[in-house]
Amino acid sequence: MQDNFKALKISDNVYWVGAIDWKIRDFHGYLTSRGTTYNAYLIIADKVTLVDTVKSPYMKELLSRISSVIDPKKIDYIISQHSEMDHSGCIPEIINIINPEKVFTSVAGAKVLKEHFDFDYDLTPVKNGESISLGNMNLSFYETKMLHWPESMISYLDKDQILFSQDGFGLHLATYERFSDQLPEYLWFEEAAKYYANILLPYSKLILKLLDTLNAMKLNIKILANDHGPIFRGGDIFKIISYYSYWATQSPTNKAVIIYDTMWNSTELMARVIAEGLFSAGAIPVVMSTKVSHRSDIITQLLDAGAMVVGAPTINNMMFPEIQDVMSYVRGLKPENLIGFTFGSYGWSGEGPKQLKIYLEEMKVKIIRDELRVKNVPKDAALKECFEAGKALGEIIKDYPKCKFL
Ligand code: FEO
């Protein structure tokens with residue numbers, strides 16, 4: 001283990017020393033189809049500094065990569081930017097092994113780390129805007145509260161002009177390529193959008209504020225070193241920041257996402273005909289069955305949508321369970337500026353679409369019509385109503401800006 005994992009130099013004084021997780025598929029409910037990385041960085045300064053650590057099962061991989069550059073015991077400082085366990089899980093053990101002079105974290109981070117782990121080490125809290133000297137270079141800290149935890153912070157290394165952005169600008173993608181520009185753009189774009197939708201979407205207003213603050217600070221950023229996936233340099237920094245600005249505004253587009261579950265294919269037929277109506281009006285429908293589409297892919301499609309139409313049959317006086325799972329997840333991520341309606345077929349009581357409507361109301365979706373309910377199997381008249389309902393919605397969104405991806 002000791003000699004097998006190598007660090008990768010990313011700038012004059014900084015090495016990537018993280019871990020690649022090829023097999024993770026469930027990241028607290030988020031389908032990580034392409035795995036992920038836990039990025040950690042080693043700054044070779046007068047005061048040798050480790051920025052973040054990795055998920056605990058990968059601690060030996062982290063130590064091995066550090067050892068390919070320097071004896072880990074020579075690390076003076078550790079920075080914990082974010083207390084979630086994928087970055088802090090091995091901090092107590094790493095402190096025991098390395099015995100660093102200091103471990104810096106935000107004021108809130110010092111509390112959260114102690115709440116997570118049972119260790120006696122005296123952490124050194126840093127305030128928003130505080131800088132520390134590493135001898136021949138400086139590291140400055142900026143709080144990013146609720147991006148995406150209350151204790152989160154980012155750090156800027158002046159000499160190499162690196163912004164360590166923690167989860168911000170991250171993406172779940174296991175690769176040996178360390179920079180986004182070594183990969184096809186569609187690949188990192190897709191995963192960055194999915195990451196934004198599943199992790200950062202509820203905090204979009206804070207993202208816009210942070211982007212303004214960074215802009216006003218006029219930091220020269222040569223490398224945007226995140227904690228997951230490939231990191232950004234050169235023109236890709238501008239691209240990912242532009243995508244964030246766009247996603248954070250949640251501007252509605254001409255895309256309508258139809259989310260549904262079905263029992264005997266009647267609700268599915270309704271979904272398909274609503275899509276035809278939308279398309280006939282000039283909108284772009286995307287139809288997602290909860291039987292085959294993961295909740296984290298559904299919220300990703302909603303990231304740049306203008307409308308959400310949700311359908312479910314009724315079972316035992318309740319909407320189908322899978323759609324409840326999806327709607328609970330989607331509601332928590334707070335997509336905004338959507339319009340839509342609910343639908344579904346039913347046998348006798350038909351509560352499904354009514355219950356879905358409550359979710360839409362809670363999400364402040366502008367509801368353009370009553371629930372579209374069909375008893376048992378939809379016949380010609382019911383299907384015509386589905387088509388017209390889709391068309392009416394399509395007429396409203398067809399002239400919205402074109403969606404950027406499907
Ligand atoms: Fe990558 Fe919020 O942890």
# chains A, B, ... in the order shown; residues from 1 in each chain; ligands from 1
call {"tool": "closest_atom_pairs", "arguments": {"of": "chain A", "to": "ligand 1", "cutoff": "6 Å", "atoms": "only C-alpha atoms and all ligand atoms", "output": "JSON lines"}}
result
{"residue": "A:Glu84", "atom": "CA", "partner": "ligand 1", "partner_atom_place_in_ligand_line": "3 (O)", "distance": 5.0}
{"residue": "A:Asp86", "atom": "CA", "partner": "ligand 1", "partner_atom_place_in_ligand_line": "1 (Fe)", "distance": 5.5}
{"residue": "A:Asp167", "atom": "CA", "partner": "ligand 1", "partner_atom_place_in_ligand_line": "1 (Fe)", "distance": 5.1}
call {"tool": "residues_around", "arguments": {"residues": "A:Phe27", "least_positions_apart": "5", "cutoff": "10 Å", "atoms": "only C-alpha atoms", "output": "number ranges by chain"}}
result
A: 32-33, 35-36, 86, 172
call {"tool": "write_last_selection", "arguments": {"atoms": "C-alpha atoms", "output": "compact mmCIF listing (two decimals), in the first residue's frame"}}
result
# COMPACT_ATOMS: atom_id res chain seq x y z
CA THR A 32 -23.54 8.19 -8.64
CA SER A 33 -23.45 6.11 -11.80
CA GLY A 35 -18.36 6.77 -9.12
CA THR A 36 -16.54 9.70 -7.54
CA ASP A 86 -16.59 11.94 2.86
CA HIS A 172 -19.22 12.77 -8.99
call {"tool": "atom_distance", "arguments": {"atom1": "atom CA of A:Asp12", "atom2": "atom CA of A:Pro125"}}
result
27.8 Å
call {"tool": "residues_around", "arguments": {"residues": "A:Leu210", "least_positions_apart": "6", "cutoff": "12 Å", "atoms": "only C-alpha atoms", "output": "short mmCIF file (atom, residue, chain, number, x, y, z; two decimals) with C-alpha atoms, in the first residue's frame"}}
result
data_model
loop_
_atom_site.label_atom_id
_atom_site.label_comp_id
_atom_site.auth_asym_id
_atom_site.auth_seq_id
_atom_site.Cartn_x
_atom_site.Cartn_y
_atom_site.Cartn_z
CA TYR A 142 -13.90 32.32 3.44
CA GLU A 143 -17.03 30.98 5.07
CA THR A 144 -19.62 29.55 2.68
CA LYS A 145 -22.39 28.88 5.20
CA MET A 146 -25.05 26.50 3.86
CA LEU A 147 -22.96 25.73 0.78
CA MET A 153 -15.66 27.18 4.01
CA ILE A 154 -13.32 27.58 1.04
CA SER A 165 -13.68 25.15 -3.30
CA GLY A 168 -18.55 23.71 -4.65
CA TYR A 203 -29.00 27.12 -1.93
CA SER A 204 -29.10 28.84 -5.33
CA ALA A 216 -15.86 41.64 -6.17
CA MET A 217 -12.78 40.18 -4.49
CA ILE A 241 -18.81 29.51 -13.14
CA TYR A 244 -23.44 27.90 -11.95
CA SER A 245 -24.72 31.43 -12.63
CA ALA A 248 -28.67 29.34 -9.80
#
call {"tool": "residues_around", "arguments": {"residues": "stretch 352-355 of chain A", "least_positions_apart": "6", "cutoff": "6 Å", "atoms": "only C-alpha atoms", "output": "CSV table (one decimal) with all heavy atoms, in the first residue's frame"}}
result
chain,number,residue,atom,x,y,z
A,312,ALA,N,-49.9,10.0,-11.1
A,312,ALA,CA,-49.8,8.7,-10.3
A,312,ALA,C,-51.1,8.1,-10.2
A,312,ALA,O,-52.2,8.8,-10.1
A,312,ALA,CB,-49.3,9.0,-8.9
A,313,PRO,N,-51.2,6.8,-10.3
A,313,PRO,CA,-52.4,6.0,-10.0
A,313,PRO,C,-52.6,6.0,-8.5
A,313,PRO,O,-51.7,6.5,-7.7
A,313,PRO,CB,-52.1,4.6,-10.5
A,313,PRO,CG,-50.7,4.5,-10.6
A,313,PRO,CD,-50.1,5.9,-10.6
A,314,THR,N,-53.7,5.5,-8.0
A,314,THR,CA,-54.0,5.4,-6.6
A,314,THR,C,-54.0,4.0,-6.1
A,314,THR,O,-54.6,3.1,-6.8
A,314,THR,CB,-55.4,6.1,-6.4
A,314,THR,OG1,-55.3,7.4,-6.9
A,314,THR,CG2,-55.8,6.1,-4.9
A,318,MET,N,-54.0,6.0,-1.6
A,318,MET,CA,-52.7,6.7,-1.6
A,318,MET,C,-52.1,6.7,-3.0
A,318,MET,O,-52.3,5.8,-3.8
A,318,MET,CB,-51.7,6.1,-0.6
A,318,MET,CG,-52.1,6.1,0.8
A,318,MET,SD,-52.3,7.8,1.5
A,318,MET,CE,-50.6,8.3,1.5
A,319,MET,N,-51.3,7.8,-3.3
A,319,MET,CA,-50.5,7.8,-4.5
A,319,MET,C,-49.5,6.6,-4.5
A,319,MET,O,-49.2,6.2,-3.4
A,319,MET,CB,-49.8,9.1,-4.7
A,319,MET,CG,-48.6,9.3,-3.8
A,319,MET,SD,-47.8,10.8,-4.1
A,319,MET,CE,-48.6,11.9,-3.0
A,342,THR,N,-51.3,18.0,-12.3
A,342,THR,CA,-51.2,16.6,-11.9
A,342,THR,C,-52.2,15.8,-12.6
A,342,THR,O,-53.2,16.3,-13.1
A,342,THR,CB,-51.3,16.4,-10.4
A,342,THR,OG1,-52.6,16.8,-10.0
A,342,THR,CG2,-50.3,17.2,-9.6
A,343,PHE,N,-52.0,14.5,-12.7
A,343,PHE,CA,-52.9,13.6,-13.4
A,343,PHE,C,-52.8,12.2,-12.9
A,343,PHE,O,-51.9,11.9,-12.2
A,343,PHE,CB,-52.6,13.7,-15.0
A,343,PHE,CG,-51.3,13.1,-15.3
A,343,PHE,CD1,-51.1,11.8,-15.8
A,343,PHE,CD2,-50.1,13.9,-15.2
A,343,PHE,CE1,-49.9,11.3,-16.2
A,343,PHE,CE2,-48.9,13.4,-15.6
A,343,PHE,CZ,-48.8,12.1,-16.0
A,344,GLY,N,-53.7,11.3,-13.4
A,344,GLY,CA,-53.6,9.9,-13.0
A,344,GLY,C,-54.9,9.2,-13.3
A,344,GLY,O,-56.0,9.8,-13.3
A,371,GLU,N,-56.8,18.8,-11.2
A,371,GLU,CA,-56.2,17.5,-11.5
A,371,GLU,C,-56.9,16.8,-12.7
A,371,GLU,O,-58.1,16.9,-12.8
A,371,GLU,CB,-56.3,16.6,-10.3
A,371,GLU,CG,-55.9,17.1,-8.9
A,371,GLU,CD,-57.1,17.8,-8.3
A,371,GLU,OE1,-57.9,17.1,-7.6
A,371,GLU,OE2,-57.2,19.1,-8.4
call {"tool": "residues_around", "arguments": {"residues": "A:Arg369", "least_positions_apart": "6", "cutoff": "12 Å", "atoms": "only C-alpha atoms", "output": "list in words"}}
result
Val309, Ile339, Gly340, Phe341, Thr342, Phe343, Pro353, Lys354, Lys357, Glu385, Cys386, Glu388, Ala389, Gly390, Ala392 and Leu393 of chain A
call {"tool": "closest_atom_pairs", "arguments": {"of": "stretch 211-279 of chain A", "to": "stretch 284-304 of chain A", "cutoff": "6 Å", "atoms": "only C-alpha atoms", "output": "tab-separated table"}}
result
residue	atom	partner	partner_atom	distance
A:Asn254	CA	A:Ile284	CA	5.9
A:Lys255	CA	A:Ile284	CA	4.5
A:Ala256	CA	A:Pro285	CA	4.8
A:Val257	CA	A:Val286	CA	4.8
A:Ile258	CA	A:Val287	CA	4.8
A:Ile259	CA	A:Met288	CA	4.9
A:Tyr260	CA	A:Ser289	CA	5.2
A:Asp261	CA	A:Thr290	CA	5.5
A:Ala275	CA	A:Pro285	CA	5.5
A:Phe279	CA	A:Ile284	CA	5.9
call {"tool": "write_last_selection", "arguments": {"atoms": "N, CA, C and O atoms", "output": "PDB file, in the first residue's frame"}}
result
ATOM      1  N   ASN A 254     -38.314  26.145 -22.142  1.00  0.00           N
ATOM      2  CA  ASN A 254     -39.439  25.531 -22.856  1.00  0.00           C
ATOM      3  C   ASN A 254     -39.525  24.014 -22.647  1.00  0.00           C
ATOM      4  O   ASN A 254     -40.215  23.323 -23.377  1.00  0.00           O
ATOM      5  N   LYS A 255     -38.800  23.509 -21.645  1.00  0.00           N
ATOM      6  CA  LYS A 255     -38.847  22.059 -21.367  1.00  0.00           C
ATOM      7  C   LYS A 255     -39.884  21.754 -20.281  1.00  0.00           C
ATOM      8  O   LYS A 255     -39.928  22.436 -19.258  1.00  0.00           O
ATOM      9  N   ALA A 256     -40.679  20.706 -20.514  1.00  0.00           N
ATOM     10  CA  ALA A 256     -41.630  20.226 -19.504  1.00  0.00           C
ATOM     11  C   ALA A 256     -41.244  18.803 -19.116  1.00  0.00           C
ATOM     12  O   ALA A 256     -41.127  17.935 -19.987  1.00  0.00           O
ATOM     13  N   VAL A 257     -41.036  18.582 -17.849  1.00  0.00           N
ATOM     14  CA  VAL A 257     -40.699  17.230 -17.385  1.00  0.00           C
ATOM     15  C   VAL A 257     -41.975  16.571 -16.871  1.00  0.00           C
ATOM     16  O   VAL A 257     -42.651  17.103 -15.983  1.00  0.00           O
ATOM     17  N   ILE A 258     -42.312  15.447 -17.480  1.00  0.00           N
ATOM     18  CA  ILE A 258     -43.496  14.685 -17.053  1.00  0.00           C
ATOM     19  C   ILE A 258     -42.992  13.507 -16.231  1.00  0.00           C
ATOM     20  O   ILE A 258     -42.245  12.662 -16.739  1.00  0.00           O
ATOM     21  N   ILE A 259     -43.372  13.485 -14.985  1.00  0.00           N
ATOM     22  CA  ILE A 259     -42.911  12.436 -14.063  1.00  0.00           C
ATOM     23  C   ILE A 259     -44.150  11.609 -13.706  1.00  0.00           C
ATOM     24  O   ILE A 259     -45.181  12.168 -13.329  1.00  0.00           O
ATOM     25  N   TYR A 260     -44.035  10.298 -13.811  1.00  0.00           N
ATOM     26  CA  TYR A 260     -45.245   9.509 -13.521  1.00  0.00           C
ATOM     27  C   TYR A 260     -44.877   8.118 -13.041  1.00  0.00           C
ATOM     28  O   TYR A 260     -43.765   7.622 -13.269  1.00  0.00           O
ATOM     29  N   ASP A 261     -45.832   7.496 -12.385  1.00  0.00           N
ATOM     30  CA  ASP A 261     -45.771   6.054 -12.147  1.00  0.00           C
ATOM     31  C   ASP A 261     -47.083   5.474 -12.659  1.00  0.00           C
ATOM     32  O   ASP A 261     -48.047   6.211 -12.908  1.00  0.00           O
ATOM     33  N   ALA A 275     -47.537  14.467 -23.347  1.00  0.00           N
ATOM     34  CA  ALA A 275     -46.275  14.842 -24.026  1.00  0.00           C
ATOM     35  C   ALA A 275     -46.545  15.221 -25.471  1.00  0.00           C
ATOM     36  O   ALA A 275     -45.974  16.197 -25.997  1.00  0.00           O
ATOM     37  N   PHE A 279     -45.680  18.810 -27.169  1.00  0.00           N
ATOM     38  CA  PHE A 279     -44.811  18.903 -28.362  1.00  0.00           C
ATOM     39  C   PHE A 279     -45.549  19.602 -29.506  1.00  0.00           C
ATOM     40  O   PHE A 279     -44.952  20.397 -30.244  1.00  0.00           O
TER      41      PHE A 279
END
call {"tool": "residues_around", "arguments": {"residues": "A:Asp399", "least_positions_apart": "5", "cutoff": "10 Å", "atoms": "only C-alpha atoms", "output": "list in words"}}
result
Thr253, Asn254, Ala281, Gly282, Ala283 and Gly394 of chain A
call {"tool": "atom_distance", "arguments": {"atom1": "atom CA of A:Asp71", "atom2": "atom CA of A:Leu8"}}
result
15.7 Å
call {"tool": "closest_residue", "arguments": {"among": "A:Gln81, A:Thr124, A:Thr53, A:Asn136", "to": "A:Asn13", "atoms": "only C-alpha atoms"}}
result
A:Asn136
call {"tool": "residues_around", "arguments": {"residues": "stretch 38-49 of chain A", "least_positions_apart": "3", "cutoff": "9 Å", "atoms": "only C-alpha atoms", "output": "ChimeraX atom specification"}}
result
/A:7,12-21,52-55,58,62,66,69-70,74-79,86-87,133-137,164,166,225-230
call {"tool": "closest_residue", "arguments": {"among": "A:Lys239, A:Arg65, A:Arg25, A:Lys384", "to": "A:Asp181", "atoms": "only C-alpha atoms"}}
result
A:Lys239
call {"tool": "select_by_dssp", "arguments": {"residues": "stretch 342-372 of chain A", "states": "strand (DSSP E or B)", "output": "list in words"}}
result
Thr342, Phe343, Gly344, Ser345, Tyr346, Lys366, Ile367 and Leu372 of chain A
call {"tool": "closest_residue", "arguments": {"among": "A:Asn138, A:Gln250, A:Thr262, A:Gln182", "to": "A:Ile207", "atoms": "only C-alpha atoms"}}
result
A:Gln250
call {"tool": "atom_distance", "arguments": {"atom1": "atom CA of A:Asn99", "atom2": "atom CA of A:Lys73"}}
result
7.0 Å
call {"tool": "select_by_dssp", "arguments": {"residues": "stretch 99-289 of chain A", "states": "alpha helix (DSSP H)", "output": "ChimeraX atom specification"}}
result
/A:107-116,185-195,204-217,235-249,266-280
call {"tool": "closest_residue", "arguments": {"among": "A:Ser140, A:Glu395, A:Arg233, A:Glu151", "to": "A:Ser180", "atoms": "only C-alpha atoms"}}
result
A:Arg233
call {"tool": "closest_residue", "arguments": {"among": "A:Ser152, A:Ser68, A:Ser251, A:Ser131", "to": "A:Thr105", "atoms": "only C-alpha atoms"}}
result
A:Ser152
